[in-house]
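As provided, final04.cif (mmCIF, N, CA and C atoms) reads as follows.
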```cif
data_target
#
loop_
_atom_site.group_PDB
_atom_site.id
_atom_site.type_symbol
_atom_site.label_atom_id
_atom_site.label_comp_id
_atom_site.auth_asym_id
_atom_site.auth_seq_id
_atom_site.Cartn_x
_atom_site.Cartn_y
_atom_site.Cartn_z
ATOM 1 N N LYS W 1 -8.042 -10.049 -16.162
ATOM 2 C CA LYS W 1 -7.106 -11.054 -15.664
ATOM 3 C C LYS W 1 -6.545 -10.641 -14.290
ATOM 4 N N VAL W 2 -6.340 -9.358 -14.078
ATOM 5 C CA VAL W 2 -5.789 -8.882 -12.806
ATOM 6 C C VAL W 2 -6.688 -9.274 -11.641
ATOM 7 N N PHE W 3 -7.999 -9.304 -11.861
ATOM 8 C CA PHE W 3 -8.924 -9.623 -10.792
ATOM 9 C C PHE W 3 -9.103 -11.122 -10.557
ATOM 10 N N ALA W 4 -8.534 -11.955 -11.406
ATOM 11 C CA ALA W 4 -8.655 -13.400 -11.240
ATOM 12 C C ALA W 4 -7.832 -13.846 -10.037
ATOM 13 N N ARG W 5 -8.490 -14.472 -9.087
ATOM 14 C CA ARG W 5 -7.837 -14.859 -7.831
ATOM 15 C C ARG W 5 -6.572 -15.702 -8.058
ATOM 16 N N SER W 6 -6.645 -16.679 -8.957
ATOM 17 C CA SER W 6 -5.485 -17.554 -9.185
ATOM 18 C C SER W 6 -4.293 -16.763 -9.717
ATOM 19 N N TYR W 7 -4.546 -15.757 -10.539
ATOM 20 C CA TYR W 7 -3.476 -14.919 -11.093
ATOM 21 C C TYR W 7 -2.852 -14.048 -10.010
ATOM 22 N N VAL W 8 -3.687 -13.415 -9.215
ATOM 23 C CA VAL W 8 -3.213 -12.514 -8.162
ATOM 24 C C VAL W 8 -2.497 -13.301 -7.057
ATOM 25 N N GLU W 9 -2.976 -14.486 -6.748
ATOM 26 C CA GLU W 9 -2.367 -15.295 -5.694
ATOM 27 C C GLU W 9 -0.910 -15.653 -6.003
ATOM 28 N N THR W 10 -0.541 -15.766 -7.273
ATOM 29 C CA THR W 10 0.860 -16.062 -7.596
ATOM 30 C C THR W 10 1.755 -14.915 -7.136
ATOM 31 N N TRP W 11 1.264 -13.676 -7.206
ATOM 32 C CA TRP W 11 2.041 -12.528 -6.721
ATOM 33 C C TRP W 11 2.208 -12.601 -5.205
ATOM 34 N N HIS W 12 1.179 -13.069 -4.524
ATOM 35 C CA HIS W 12 1.209 -13.139 -3.061
ATOM 36 C C HIS W 12 2.385 -13.993 -2.593
ATOM 37 N N LYS W 13 2.632 -15.065 -3.297
ATOM 38 C CA LYS W 13 3.732 -15.963 -2.936
ATOM 39 C C LYS W 13 5.083 -15.460 -3.446
ATOM 40 N N GLN W 14 5.123 -14.965 -4.688
ATOM 41 C CA GLN W 14 6.385 -14.568 -5.311
ATOM 42 C C GLN W 14 6.906 -13.216 -4.840
ATOM 43 N N ASP W 15 6.015 -12.254 -4.633
ATOM 44 C CA ASP W 15 6.429 -10.896 -4.267
ATOM 45 C C ASP W 15 5.318 -10.228 -3.448
ATOM 46 N N PRO W 16 5.271 -10.504 -2.146
ATOM 47 C CA PRO W 16 4.196 -9.985 -1.305
ATOM 48 C C PRO W 16 4.046 -8.461 -1.347
ATOM 49 N N ASP W 17 5.132 -7.717 -1.424
ATOM 50 C CA ASP W 17 5.011 -6.254 -1.487
ATOM 51 C C ASP W 17 4.241 -5.836 -2.734
ATOM 52 N N PHE W 18 4.583 -6.419 -3.872
ATOM 53 C CA PHE W 18 3.877 -6.113 -5.117
ATOM 54 C C PHE W 18 2.399 -6.477 -4.986
ATOM 55 N N TYR W 19 2.135 -7.659 -4.451
ATOM 56 C CA TYR W 19 0.765 -8.123 -4.266
ATOM 57 C C TYR W 19 -0.044 -7.132 -3.438
ATOM 58 N N TYR W 20 0.474 -6.740 -2.284
ATOM 59 C CA TYR W 20 -0.288 -5.859 -1.403
ATOM 60 C C TYR W 20 -0.453 -4.453 -1.977
ATOM 61 N N VAL W 21 0.517 -3.954 -2.704
ATOM 62 C CA VAL W 21 0.373 -2.639 -3.345
ATOM 63 C C VAL W 21 -0.711 -2.698 -4.420
ATOM 64 N N VAL W 22 -0.720 -3.748 -5.233
ATOM 65 C CA VAL W 22 -1.733 -3.877 -6.286
ATOM 66 C C VAL W 22 -3.128 -4.029 -5.675
ATOM 67 N N VAL W 23 -3.253 -4.872 -4.662
ATOM 68 C CA VAL W 23 -4.558 -5.075 -4.026
ATOM 69 C C VAL W 23 -5.027 -3.778 -3.352
ATOM 70 N N LEU W 24 -4.121 -3.075 -2.684
ATOM 71 C CA LEU W 24 -4.484 -1.785 -2.089
ATOM 72 C C LEU W 24 -4.920 -0.782 -3.154
ATOM 73 N N ALA W 25 -4.237 -0.767 -4.276
ATOM 74 C CA ALA W 25 -4.606 0.143 -5.365
ATOM 75 C C ALA W 25 -6.010 -0.172 -5.877
ATOM 76 N N MET W 26 -6.317 -1.453 -6.036
ATOM 77 C CA MET W 26 -7.649 -1.831 -6.509
ATOM 78 C C MET W 26 -8.721 -1.524 -5.470
ATOM 79 N N ALA W 27 -8.397 -1.698 -4.186
ATOM 80 C CA ALA W 27 -9.384 -1.479 -3.127
ATOM 81 C C ALA W 27 -9.606 -0.003 -2.821
ATOM 82 N N THR W 28 -8.594 0.840 -3.023
ATOM 83 C CA THR W 28 -8.695 2.238 -2.608
ATOM 84 C C THR W 28 -8.748 3.238 -3.745
ATOM 85 N N GLY W 29 -8.220 2.866 -4.901
ATOM 86 C CA GLY W 29 -8.136 3.812 -6.004
ATOM 87 C C GLY W 29 -6.979 4.786 -5.861
ATOM 88 N N ALA W 30 -6.134 4.598 -4.848
ATOM 89 C CA ALA W 30 -4.983 5.477 -4.629
ATOM 90 C C ALA W 30 -3.915 5.231 -5.690
ATOM 91 N N ARG W 31 -3.119 6.255 -5.951
ATOM 92 C CA ARG W 31 -2.011 6.138 -6.903
ATOM 93 C C ARG W 31 -0.940 5.197 -6.332
ATOM 94 N N ILE W 32 -0.249 4.517 -7.233
ATOM 95 C CA ILE W 32 0.796 3.587 -6.816
ATOM 96 C C ILE W 32 1.871 4.305 -6.009
ATOM 97 N N SER W 33 2.279 5.503 -6.431
ATOM 98 C CA SER W 33 3.318 6.241 -5.695
ATOM 99 C C SER W 33 2.854 6.608 -4.287
ATOM 100 N N GLU W 34 1.564 6.853 -4.111
ATOM 101 C CA GLU W 34 1.031 7.146 -2.777
ATOM 102 C C GLU W 34 1.113 5.917 -1.888
ATOM 103 N N LEU W 35 0.871 4.757 -2.472
ATOM 104 C CA LEU W 35 0.872 3.515 -1.698
ATOM 105 C C LEU W 35 2.273 3.018 -1.394
ATOM 106 N N THR W 36 3.184 3.105 -2.375
ATOM 107 C CA THR W 36 4.533 2.585 -2.149
ATOM 108 C C THR W 36 5.313 3.428 -1.150
ATOM 109 N N SER W 37 4.875 4.645 -0.902
ATOM 110 C CA SER W 37 5.570 5.500 0.070
ATOM 111 C C SER W 37 4.954 5.440 1.462
ATOM 112 N N LEU W 38 3.951 4.590 1.663
ATOM 113 C CA LEU W 38 3.283 4.516 2.967
ATOM 114 C C LEU W 38 4.237 4.085 4.074
ATOM 115 N N THR W 39 4.062 4.691 5.228
ATOM 116 C CA THR W 39 4.796 4.273 6.426
ATOM 117 C C THR W 39 3.812 3.665 7.412
ATOM 118 N N ARG W 40 4.335 2.942 8.346
ATOM 119 C CA ARG W 40 3.499 2.275 9.357
ATOM 120 C C ARG W 40 2.620 3.297 10.089
ATOM 121 N N GLU W 41 3.140 4.495 10.290
ATOM 122 C CA GLU W 41 2.431 5.526 11.028
ATOM 123 C C GLU W 41 1.197 6.033 10.282
ATOM 124 N N GLN W 42 1.109 5.771 8.989
ATOM 125 C CA GLN W 42 -0.030 6.222 8.197
ATOM 126 C C GLN W 42 -1.210 5.250 8.246
ATOM 127 N N PHE W 43 -1.047 4.115 8.894
ATOM 128 C CA PHE W 43 -2.120 3.146 9.071
ATOM 129 C C PHE W 43 -2.797 3.427 10.409
ATOM 130 N N LYS W 44 -4.077 3.746 10.355
ATOM 131 C CA LYS W 44 -4.839 4.134 11.547
ATOM 132 C C LYS W 44 -6.039 3.205 11.704
ATOM 133 N N THR W 45 -6.512 3.048 12.942
ATOM 134 C CA THR W 45 -7.634 2.150 13.200
ATOM 135 C C THR W 45 -8.932 2.858 13.554
ATOM 136 N N LEU W 46 -8.874 4.093 14.004
ATOM 137 C CA LEU W 46 -10.096 4.767 14.433
ATOM 138 C C LEU W 46 -10.479 5.890 13.499
ATOM 139 N N PRO W 47 -11.709 6.074 13.158
ATOM 140 C CA PRO W 47 -12.880 5.318 13.627
ATOM 141 C C PRO W 47 -13.026 3.957 12.946
ATOM 142 N N LEU W 48 -12.331 3.737 11.838
ATOM 143 C CA LEU W 48 -12.288 2.439 11.170
ATOM 144 C C LEU W 48 -10.932 2.324 10.487
ATOM 145 N N PRO W 49 -10.524 1.112 10.090
ATOM 146 C CA PRO W 49 -9.203 0.968 9.458
ATOM 147 C C PRO W 49 -9.082 1.867 8.221
ATOM 148 N N HIS W 50 -8.007 2.637 8.183
ATOM 149 C CA HIS W 50 -7.791 3.530 7.052
ATOM 150 C C HIS W 50 -6.313 3.874 6.932
ATOM 151 N N ILE W 51 -5.965 4.447 5.792
ATOM 152 C CA ILE W 51 -4.617 4.961 5.596
ATOM 153 C C ILE W 51 -4.726 6.465 5.383
ATOM 154 N N LYS W 52 -3.731 7.161 5.846
ATOM 155 C CA LYS W 52 -3.665 8.609 5.684
ATOM 156 C C LYS W 52 -2.677 8.886 4.563
ATOM 157 N N ILE W 53 -3.185 9.328 3.409
ATOM 158 C CA ILE W 53 -2.333 9.638 2.261
ATOM 159 C C ILE W 53 -1.722 11.016 2.487
ATOM 160 N N LEU W 54 -0.406 11.065 2.595
ATOM 161 C CA LEU W 54 0.306 12.323 2.824
ATOM 162 C C LEU W 54 1.138 12.731 1.620
ATOM 163 N N ASP W 55 1.637 11.734 0.871
ATOM 164 C CA ASP W 55 2.503 11.980 -0.272
ATOM 165 C C ASP W 55 1.665 11.968 -1.545
ATOM 166 N N ALA W 56 0.854 13.026 -1.726
ATOM 167 C CA ALA W 56 -0.051 13.098 -2.866
ATOM 168 C C ALA W 56 0.511 14.006 -3.951
ATOM 169 N N LYS W 57 -0.031 13.853 -5.150
ATOM 170 C CA LYS W 57 0.398 14.656 -6.292
ATOM 171 C C LYS W 57 0.083 16.138 -6.074
ATOM 172 N N THR W 58 -1.054 16.421 -5.425
ATOM 173 C CA THR W 58 -1.446 17.802 -5.133
ATOM 174 C C THR W 58 -1.894 17.898 -3.679
ATOM 175 N N ALA W 59 -2.045 19.118 -3.178
ATOM 176 C CA ALA W 59 -2.508 19.327 -1.803
ATOM 177 C C ALA W 59 -3.900 18.736 -1.605
ATOM 178 N N ALA W 60 -4.730 18.779 -2.636
ATOM 179 C CA ALA W 60 -6.076 18.214 -2.552
ATOM 180 C C ALA W 60 -6.053 16.694 -2.404
ATOM 181 N N GLY W 61 -4.936 16.071 -2.765
ATOM 182 C CA GLY W 61 -4.816 14.621 -2.690
ATOM 183 C C GLY W 61 -4.498 14.094 -1.307
ATOM 184 N N VAL W 62 -4.148 14.964 -0.374
ATOM 185 C CA VAL W 62 -3.903 14.537 1.008
ATOM 186 C C VAL W 62 -5.262 14.191 1.595
ATOM 187 N N ARG W 63 -5.415 12.919 2.003
ATOM 188 C CA ARG W 63 -6.724 12.463 2.421
ATOM 189 C C ARG W 63 -6.651 11.199 3.267
ATOM 190 N N THR W 64 -7.800 10.836 3.808
ATOM 191 C CA THR W 64 -7.959 9.593 4.552
ATOM 192 C C THR W 64 -8.738 8.622 3.674
ATOM 193 N N VAL W 65 -8.227 7.387 3.554
ATOM 194 C CA VAL W 65 -8.858 6.396 2.684
ATOM 195 C C VAL W 65 -9.136 5.125 3.501
ATOM 196 N N PRO W 66 -10.406 4.741 3.637
ATOM 197 C CA PRO W 66 -10.711 3.499 4.359
ATOM 198 C C PRO W 66 -10.243 2.284 3.567
ATOM 199 N N ILE W 67 -9.818 1.250 4.299
ATOM 200 C CA ILE W 67 -9.427 0.000 3.643
ATOM 201 C C ILE W 67 -10.081 -1.161 4.385
ATOM 202 N N PRO W 68 -10.332 -2.266 3.703
ATOM 203 C CA PRO W 68 -10.942 -3.424 4.364
ATOM 204 C C PRO W 68 -10.098 -3.884 5.561
ATOM 205 N N GLU W 69 -10.768 -4.225 6.641
ATOM 206 C CA GLU W 69 -10.074 -4.610 7.872
ATOM 207 C C GLU W 69 -9.140 -5.804 7.678
ATOM 208 N N THR W 70 -9.559 -6.784 6.923
ATOM 209 C CA THR W 70 -8.717 -7.966 6.682
ATOM 210 C C THR W 70 -7.417 -7.571 5.992
ATOM 211 N N LEU W 71 -7.519 -6.742 4.978
ATOM 212 C CA LEU W 71 -6.332 -6.276 4.254
ATOM 213 C C LEU W 71 -5.447 -5.441 5.174
ATOM 214 N N PHE W 72 -6.052 -4.580 5.946
ATOM 215 C CA PHE W 72 -5.340 -3.744 6.923
ATOM 216 C C PHE W 72 -4.504 -4.622 7.861
ATOM 217 N N LYS W 73 -5.130 -5.638 8.437
ATOM 218 C CA LYS W 73 -4.443 -6.526 9.388
ATOM 219 C C LYS W 73 -3.326 -7.325 8.722
ATOM 220 N N GLU W 74 -3.568 -7.821 7.515
ATOM 221 C CA GLU W 74 -2.538 -8.599 6.799
ATOM 222 C C GLU W 74 -1.299 -7.750 6.528
ATOM 223 N N ILE W 75 -1.504 -6.536 6.079
ATOM 224 C CA ILE W 75 -0.376 -5.659 5.754
ATOM 225 C C ILE W 75 0.419 -5.335 7.003
ATOM 226 N N LEU W 76 -0.254 -4.984 8.088
ATOM 227 C CA LEU W 76 0.464 -4.635 9.316
ATOM 228 C C LEU W 76 1.157 -5.844 9.934
ATOM 229 N N ALA W 77 0.590 -7.027 9.786
ATOM 230 C CA ALA W 77 1.200 -8.236 10.344
ATOM 231 C C ALA W 77 2.534 -8.561 9.683
ATOM 232 N N ARG W 78 2.729 -8.164 8.434
ATOM 233 C CA ARG W 78 3.962 -8.482 7.716
ATOM 234 C C ARG W 78 4.905 -7.301 7.573
ATOM 235 N N SER W 79 4.512 -6.138 8.073
ATOM 236 C CA SER W 79 5.348 -4.942 7.899
ATOM 237 C C SER W 79 6.185 -4.663 9.146
ATOM 238 N N PRO W 80 7.248 -3.866 8.990
ATOM 239 C CA PRO W 80 8.070 -3.500 10.144
ATOM 240 C C PRO W 80 7.254 -2.688 11.152
ATOM 241 N N GLU W 81 7.716 -2.645 12.381
ATOM 242 C CA GLU W 81 7.014 -1.906 13.440
ATOM 243 C C GLU W 81 6.958 -0.408 13.163
ATOM 244 N N GLN W 82 7.911 0.097 12.407
ATOM 245 C CA GLN W 82 7.902 1.521 12.064
ATOM 246 C C GLN W 82 8.588 1.710 10.722
ATOM 247 N N GLY W 83 8.427 2.883 10.156
ATOM 248 C CA GLY W 83 9.061 3.185 8.881
ATOM 249 C C GLY W 83 8.232 2.719 7.707
ATOM 250 N N GLN W 84 8.882 2.635 6.567
ATOM 251 C CA GLN W 84 8.236 2.313 5.296
ATOM 252 C C GLN W 84 7.666 0.891 5.322
ATOM 253 N N VAL W 85 6.451 0.737 4.827
ATOM 254 C CA VAL W 85 5.748 -0.545 4.840
ATOM 255 C C VAL W 85 6.206 -1.459 3.703
ATOM 256 N N PHE W 86 6.443 -0.888 2.540
ATOM 257 C CA PHE W 86 6.820 -1.679 1.369
ATOM 258 C C PHE W 86 8.279 -1.440 0.998
ATOM 259 N N LYS W 87 8.862 -2.358 0.230
ATOM 260 C CA LYS W 87 10.291 -2.347 -0.063
ATOM 261 C C LYS W 87 10.719 -1.304 -1.093
ATOM 262 N N TYR W 88 9.796 -0.634 -1.712
ATOM 263 C CA TYR W 88 10.110 0.246 -2.834
ATOM 264 C C TYR W 88 10.781 1.540 -2.401
ATOM 265 N N GLN W 89 11.719 2.017 -3.240
ATOM 266 C CA GLN W 89 12.377 3.291 -2.982
ATOM 267 C C GLN W 89 11.389 4.416 -3.240
ATOM 268 N N ILE W 90 11.415 5.414 -2.388
ATOM 269 C CA ILE W 90 10.531 6.559 -2.569
ATOM 270 C C ILE W 90 11.109 7.444 -3.656
ATOM 271 N N ARG W 91 10.272 7.795 -4.606
ATOM 272 C CA ARG W 91 10.693 8.622 -5.730
ATOM 273 C C ARG W 91 9.816 9.858 -5.817
ATOM 274 N N LEU W 92 10.411 10.936 -6.252
ATOM 275 C CA LEU W 92 9.672 12.189 -6.436
ATOM 276 C C LEU W 92 9.480 12.426 -7.923
ATOM 277 N N GLY W 93 8.323 12.939 -8.303
ATOM 278 C CA GLY W 93 8.099 13.283 -9.708
ATOM 279 C C GLY W 93 8.233 12.086 -10.614
ATOM 280 N N LYS W 94 9.080 12.233 -11.628
ATOM 281 C CA LYS W 94 9.228 11.178 -12.635
ATOM 282 C C LYS W 94 10.490 10.355 -12.413
ATOM 283 N N GLY W 95 10.556 9.699 -11.290
ATOM 284 C CA GLY W 95 11.644 8.761 -11.060
ATOM 285 C C GLY W 95 12.867 9.326 -10.372
ATOM 286 N N VAL W 96 12.784 10.529 -9.806
ATOM 287 C CA VAL W 96 13.924 11.088 -9.094
ATOM 288 C C VAL W 96 13.939 10.513 -7.675
ATOM 289 N N LEU W 97 15.024 9.863 -7.307
ATOM 290 C CA LEU W 97 15.125 9.264 -5.976
ATOM 291 C C LEU W 97 15.242 10.345 -4.913
ATOM 292 N N THR W 98 14.580 10.084 -3.761
ATOM 293 C CA THR W 98 14.742 11.000 -2.625
ATOM 294 C C THR W 98 16.034 10.641 -1.920
ATOM 295 N N GLN W 99 16.573 11.563 -1.208
ATOM 296 C CA GLN W 99 17.824 11.328 -0.469
ATOM 297 C C GLN W 99 17.540 10.875 0.947
#
```

Spell out the structure here as structure tokens.
Amino acid sequence: KVFARSYVETWHKQDPDFYYVVVLAMATGARISELTSLTREQFKTLPLPHIKILDAKTAAGVRTVPIPETLFKEILARSPEQGQVFKYQIRLGKGVLTQ
């Protein structure tokens, strides 16, 4: 059901941040916490559109992940010029808020 376009499109209208995090998770396989903590500076274009995962569960999880160009452009078009891309509070571990 998650992959059904009509189902996912309702999220796009009701809660764009949720929609883009879910679509990014499906497209990249990245953890939700890695995606919700993304900043504008982690979106890179060369050599191809990608995100730089910095807030990973382990040191081995720090990596570069390519994303579809259309999705890349849509996310940047609706995000602030700098800082956090999505509205979610950054949390460490099991729900501890960062200061």

DSSP-assigned strand (DSSP E) among chain W, expressed as a compact mmCIF listing (two decimals) with N, CA and C atoms, in the frame of the given file:
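Writing the result to result39.txt gives the following:
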```txt
# COMPACT_ATOMS: atom_id res chain seq x y z
N PHE W 43 -1.05 4.12 8.89
CA PHE W 43 -2.12 3.15 9.07
C PHE W 43 -2.80 3.43 10.41
N LYS W 44 -4.08 3.75 10.36
CA LYS W 44 -4.84 4.13 11.55
C LYS W 44 -6.04 3.20 11.70
N HIS W 50 -8.01 2.64 8.18
CA HIS W 50 -7.79 3.53 7.05
C HIS W 50 -6.31 3.87 6.93
N ILE W 51 -5.96 4.45 5.79
CA ILE W 51 -4.62 4.96 5.60
C ILE W 51 -4.73 6.46 5.38
N LYS W 52 -3.73 7.16 5.85
CA LYS W 52 -3.66 8.61 5.68
C LYS W 52 -2.68 8.89 4.56
N ILE W 53 -3.18 9.33 3.41
CA ILE W 53 -2.33 9.64 2.26
C ILE W 53 -1.72 11.02 2.49
N ARG W 63 -5.42 12.92 2.00
CA ARG W 63 -6.72 12.46 2.42
C ARG W 63 -6.65 11.20 3.27
N THR W 64 -7.80 10.84 3.81
CA THR W 64 -7.96 9.59 4.55
C THR W 64 -8.74 8.62 3.67
N VAL W 65 -8.23 7.39 3.55
CA VAL W 65 -8.86 6.40 2.68
C VAL W 65 -9.14 5.12 3.50
N PRO W 66 -10.41 4.74 3.64
CA PRO W 66 -10.71 3.50 4.36
C PRO W 66 -10.24 2.28 3.57
N ARG W 91 10.27 7.80 -4.61
CA ARG W 91 10.69 8.62 -5.73
C ARG W 91 9.82 9.86 -5.82
N LEU W 92 10.41 10.94 -6.25
CA LEU W 92 9.67 12.19 -6.44
C LEU W 92 9.48 12.43 -7.92
N VAL W 96 12.78 10.53 -9.81
CA VAL W 96 13.92 11.09 -9.09
C VAL W 96 13.94 10.51 -7.68
N LEU W 97 15.02 9.86 -7.31
CA LEU W 97 15.12 9.26 -5.98
C LEU W 97 15.24 10.34 -4.91
```

Worksheet item: To one decimal place, how far is atom N of W:Arg63 from atom C of W:Glu81 in Å?
Response: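 So the answer is 21.3 Å.
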
Fill in: Matched chain/residue IDs from the PyMOL selection byres ((chain W and resi 34) around 7), as a list of chain:residue names
W:Ala30, W:Arg31, W:Ile32, W:Ser33, W:Leu35, W:Thr36, W:Ser37, W:Leu38, W:Ile53, W:Leu54, W:Asp55, W:Ala56

Worksheet item: How far is it from atom CA of W:Tyr88 to atom CA of W:Trp11, in Å with one decimal?
Response: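 We find that atom CA of W:Tyr88 and atom CA of W:Trp11 lie 15.6 Å from each other.
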
Evaluate the PyMOL selection byres (((chain W and resi 24 and name CA) around 12) and name CA) and record the selected residues as an mmCIF file with N, CA and C atoms, in the coordinates of the input, following the chain and residue labels used in the document.
```cif
data_model
loop_
_atom_site.group_PDB
_atom_site.id
_atom_site.type_symbol
_atom_site.label_atom_id
_atom_site.label_comp_id
_atom_site.auth_asym_id
_atom_site.auth_seq_id
_atom_site.Cartn_x
_atom_site.Cartn_y
_atom_site.Cartn_z
ATOM 1 N N PRO W 16 5.271 -10.504 -2.146
ATOM 2 C CA PRO W 16 4.196 -9.985 -1.305
ATOM 3 C C PRO W 16 4.046 -8.461 -1.347
ATOM 4 N N ASP W 17 5.132 -7.717 -1.424
ATOM 5 C CA ASP W 17 5.011 -6.254 -1.487
ATOM 6 C C ASP W 17 4.241 -5.836 -2.734
ATOM 7 N N PHE W 18 4.583 -6.419 -3.872
ATOM 8 C CA PHE W 18 3.877 -6.113 -5.117
ATOM 9 C C PHE W 18 2.399 -6.477 -4.986
ATOM 10 N N TYR W 19 2.135 -7.659 -4.451
ATOM 11 C CA TYR W 19 0.765 -8.123 -4.266
ATOM 12 C C TYR W 19 -0.044 -7.132 -3.438
ATOM 13 N N TYR W 20 0.474 -6.740 -2.284
ATOM 14 C CA TYR W 20 -0.288 -5.859 -1.403
ATOM 15 C C TYR W 20 -0.453 -4.453 -1.977
ATOM 16 N N VAL W 21 0.517 -3.954 -2.704
ATOM 17 C CA VAL W 21 0.373 -2.639 -3.345
ATOM 18 C C VAL W 21 -0.711 -2.698 -4.420
ATOM 19 N N VAL W 22 -0.720 -3.748 -5.233
ATOM 20 C CA VAL W 22 -1.733 -3.877 -6.286
ATOM 21 C C VAL W 22 -3.128 -4.029 -5.675
ATOM 22 N N VAL W 23 -3.253 -4.872 -4.662
ATOM 23 C CA VAL W 23 -4.558 -5.075 -4.026
ATOM 24 C C VAL W 23 -5.027 -3.778 -3.352
ATOM 25 N N ALA W 25 -4.237 -0.767 -4.276
ATOM 26 C CA ALA W 25 -4.606 0.143 -5.365
ATOM 27 C C ALA W 25 -6.010 -0.172 -5.877
ATOM 28 N N MET W 26 -6.317 -1.453 -6.036
ATOM 29 C CA MET W 26 -7.649 -1.831 -6.509
ATOM 30 C C MET W 26 -8.721 -1.524 -5.470
ATOM 31 N N ALA W 27 -8.397 -1.698 -4.186
ATOM 32 C CA ALA W 27 -9.384 -1.479 -3.127
ATOM 33 C C ALA W 27 -9.606 -0.003 -2.821
ATOM 34 N N THR W 28 -8.594 0.840 -3.023
ATOM 35 C CA THR W 28 -8.695 2.238 -2.608
ATOM 36 C C THR W 28 -8.748 3.238 -3.745
ATOM 37 N N GLY W 29 -8.220 2.866 -4.901
ATOM 38 C CA GLY W 29 -8.136 3.812 -6.004
ATOM 39 C C GLY W 29 -6.979 4.786 -5.861
ATOM 40 N N ALA W 30 -6.134 4.598 -4.848
ATOM 41 C CA ALA W 30 -4.983 5.477 -4.629
ATOM 42 C C ALA W 30 -3.915 5.231 -5.690
ATOM 43 N N ARG W 31 -3.119 6.255 -5.951
ATOM 44 C CA ARG W 31 -2.011 6.138 -6.903
ATOM 45 C C ARG W 31 -0.940 5.197 -6.332
ATOM 46 N N ILE W 32 -0.249 4.517 -7.233
ATOM 47 C CA ILE W 32 0.796 3.587 -6.816
ATOM 48 C C ILE W 32 1.871 4.305 -6.009
ATOM 49 N N SER W 33 2.279 5.503 -6.431
ATOM 50 C CA SER W 33 3.318 6.241 -5.695
ATOM 51 C C SER W 33 2.854 6.608 -4.287
ATOM 52 N N GLU W 34 1.564 6.853 -4.111
ATOM 53 C CA GLU W 34 1.031 7.146 -2.777
ATOM 54 C C GLU W 34 1.113 5.917 -1.888
ATOM 55 N N LEU W 35 0.871 4.757 -2.472
ATOM 56 C CA LEU W 35 0.872 3.515 -1.698
ATOM 57 C C LEU W 35 2.273 3.018 -1.394
ATOM 58 N N THR W 36 3.184 3.105 -2.375
ATOM 59 C CA THR W 36 4.533 2.585 -2.149
ATOM 60 C C THR W 36 5.313 3.428 -1.150
ATOM 61 N N LEU W 38 3.951 4.590 1.663
ATOM 62 C CA LEU W 38 3.283 4.516 2.967
ATOM 63 C C LEU W 38 4.237 4.085 4.074
ATOM 64 N N HIS W 50 -8.007 2.637 8.183
ATOM 65 C CA HIS W 50 -7.791 3.530 7.052
ATOM 66 C C HIS W 50 -6.313 3.874 6.932
ATOM 67 N N ILE W 51 -5.965 4.447 5.792
ATOM 68 C CA ILE W 51 -4.617 4.961 5.596
ATOM 69 C C ILE W 51 -4.726 6.465 5.383
ATOM 70 N N VAL W 65 -8.227 7.387 3.554
ATOM 71 C CA VAL W 65 -8.858 6.396 2.684
ATOM 72 C C VAL W 65 -9.136 5.125 3.501
ATOM 73 N N PRO W 66 -10.406 4.741 3.637
ATOM 74 C CA PRO W 66 -10.711 3.499 4.359
ATOM 75 C C PRO W 66 -10.243 2.284 3.567
ATOM 76 N N ILE W 67 -9.818 1.250 4.299
ATOM 77 C CA ILE W 67 -9.427 0.000 3.643
ATOM 78 C C ILE W 67 -10.081 -1.161 4.385
ATOM 79 N N PRO W 68 -10.332 -2.266 3.703
ATOM 80 C CA PRO W 68 -10.942 -3.424 4.364
ATOM 81 C C PRO W 68 -10.098 -3.884 5.561
ATOM 82 N N GLU W 69 -10.768 -4.225 6.641
ATOM 83 C CA GLU W 69 -10.074 -4.610 7.872
ATOM 84 C C GLU W 69 -9.140 -5.804 7.678
ATOM 85 N N THR W 70 -9.559 -6.784 6.923
ATOM 86 C CA THR W 70 -8.717 -7.966 6.682
ATOM 87 C C THR W 70 -7.417 -7.571 5.992
ATOM 88 N N LEU W 71 -7.519 -6.742 4.978
ATOM 89 C CA LEU W 71 -6.332 -6.276 4.254
ATOM 90 C C LEU W 71 -5.447 -5.441 5.174
ATOM 91 N N PHE W 72 -6.052 -4.580 5.946
ATOM 92 C CA PHE W 72 -5.340 -3.744 6.923
ATOM 93 C C PHE W 72 -4.504 -4.622 7.861
ATOM 94 N N GLU W 74 -3.568 -7.821 7.515
ATOM 95 C CA GLU W 74 -2.538 -8.599 6.799
ATOM 96 C C GLU W 74 -1.299 -7.750 6.528
ATOM 97 N N ILE W 75 -1.504 -6.536 6.079
ATOM 98 C CA ILE W 75 -0.376 -5.659 5.754
ATOM 99 C C ILE W 75 0.419 -5.335 7.003
ATOM 100 N N PHE W 86 6.443 -0.888 2.540
ATOM 101 C CA PHE W 86 6.820 -1.679 1.369
ATOM 102 C C PHE W 86 8.279 -1.440 0.998
#
```

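Nearest to W:Gly83 of all the residues W:Ala59, W:Arg5, W:Leu48, W:Glu41 is W:Glu41, counting only C-alpha atoms.
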
Practice prompt. Calculate how many Å separate atom CA of W:Gln84 from atom CA of W:Arg40, rounding to one decimal.
Written response: 6.2 Å

Worksheet item: Which of stretch 22-94 of chain W counts as alpha helix (DSSP H) under DSSP, as an NGL selection string please?
Response: :W and (22-28 or 32-36 or 69-78)
